[in-house]
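Heads up: the structure comes next, in structure tokens.
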Amino acid sequence: QVQLVESGGGLVQAGGSLRLSCAASGRIFSFNRMGWYRQAPGNQREAVASITRGGSINYADSVKGRFTISRDNAENTLDLQMNSLKSEDTAVYYCAGDRAGNVYWGQGTQVTVSS
């Protein structure tokens with residue numbers, strides 16, 4: 001069974017940085033696309049960044065230039081480096097990956113940015 005476990009969330013001041021990590025129980029190379037999503041209270045879940053097996057990357061306009069997604073197929077991890085954090089980045093962040101037509105989600109990690 002595939003499991004994705006996020007870590008690295010926490011409380012940070014505006015302008016600060018956090019690095020989220022997602023550890024997969026299986027080989028992440030088997031995932032076609034992996035990504036980070038977030039959901040703030042009262043809002044729908046939104047895509048933040050994604051990366052394909054081949055390395056193609058997409059970012060939400062709101063995080064371009066501030067966030068960097070990376071995947072390490074050897075270590076089975078997916079990371080999200082978040083710099084210049086803003087209060088509007090406060091949300092629960094989820095790791096997700098799709099493989100063989102199925103989408104798998106982690107349990108989420110809270111990121112809180114104080115202004």
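Quick note on naming: the chains in the structure tokens go A, B, ... in the order shown, residues restart at 1 in each chain, and ligands are numbered from 1 in order of appearance.
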
Inset, instruction - Any chance you could list, as number ranges by chain, the residues in stretch 8-83 of chain A that come up strand (DSSP E) when DSSP is run on the backbone? - result: A: 10-13, 18-24, 33-39, 46-52, 57-59, 67-72, 77-82

Legend entry - Polymer residues at most 8 Å from A:Thr90, only C-alpha atoms, same-chain spacing of 4 or more positions, as a PyMOL selection string: chain A and resi 40+86+110-113

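Using only C-alpha atoms, the smallest distance between any of A:Asn32, A:Gly55, A:Ser114, A:Gln81 and A:Gly101 comes from A:Asn32.
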
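The list of residues with at least one atom within 8 Å of stretch 3-6 of chain A, based on only C-alpha atoms and without residues fewer than 2 positions apart in the same chain, reads Gln1, Gly8, Leu20, Ser21, Cys22, Ala23, Ala24, Ser25, Gly26, Tyr94, Cys95, Ala96, Tyr104, Trp105, Gly106, Gln107, Gly108 and Thr109 of chain A.
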
Legend entry - Distance in Å - atom CA of A:Glu75 versus atom CA of A:Val63: 25.3 Å

Inset, instruction - Just the residues within 12 Å of A:Asp89, please, counting only C-alpha atoms, with nothing from its chain fewer than 5 positions along; format it as number ranges by chain. - result: A: 9-18, 37-41, 46, 48, 60, 62-63, 66-67, 82-84, 110-115

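Among the candidate residues A:Leu80, A:Met34, A:Ile57, A:Ala49, the one lying nearest to A:Gly97 is A:Met34, with distances computed using only C-alpha atoms.
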
Inset, instruction - Can you work out the spacing between atom CA of A:Thr68 and atom CA of A:Ser50 in Å, to one decimal? - result: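 Between atom CA of A:Thr68 and atom CA of A:Ser50 the gap is 9.8 Å.
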
Legend entry - Counting only C-alpha atoms, the option among A:Ile69, A:Ala100, A:Val2, A:Val92 closest to A:Arg27: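 Once distances to A:Arg27 are computed over only C-alpha atoms, the minimum belongs to A:Val2.
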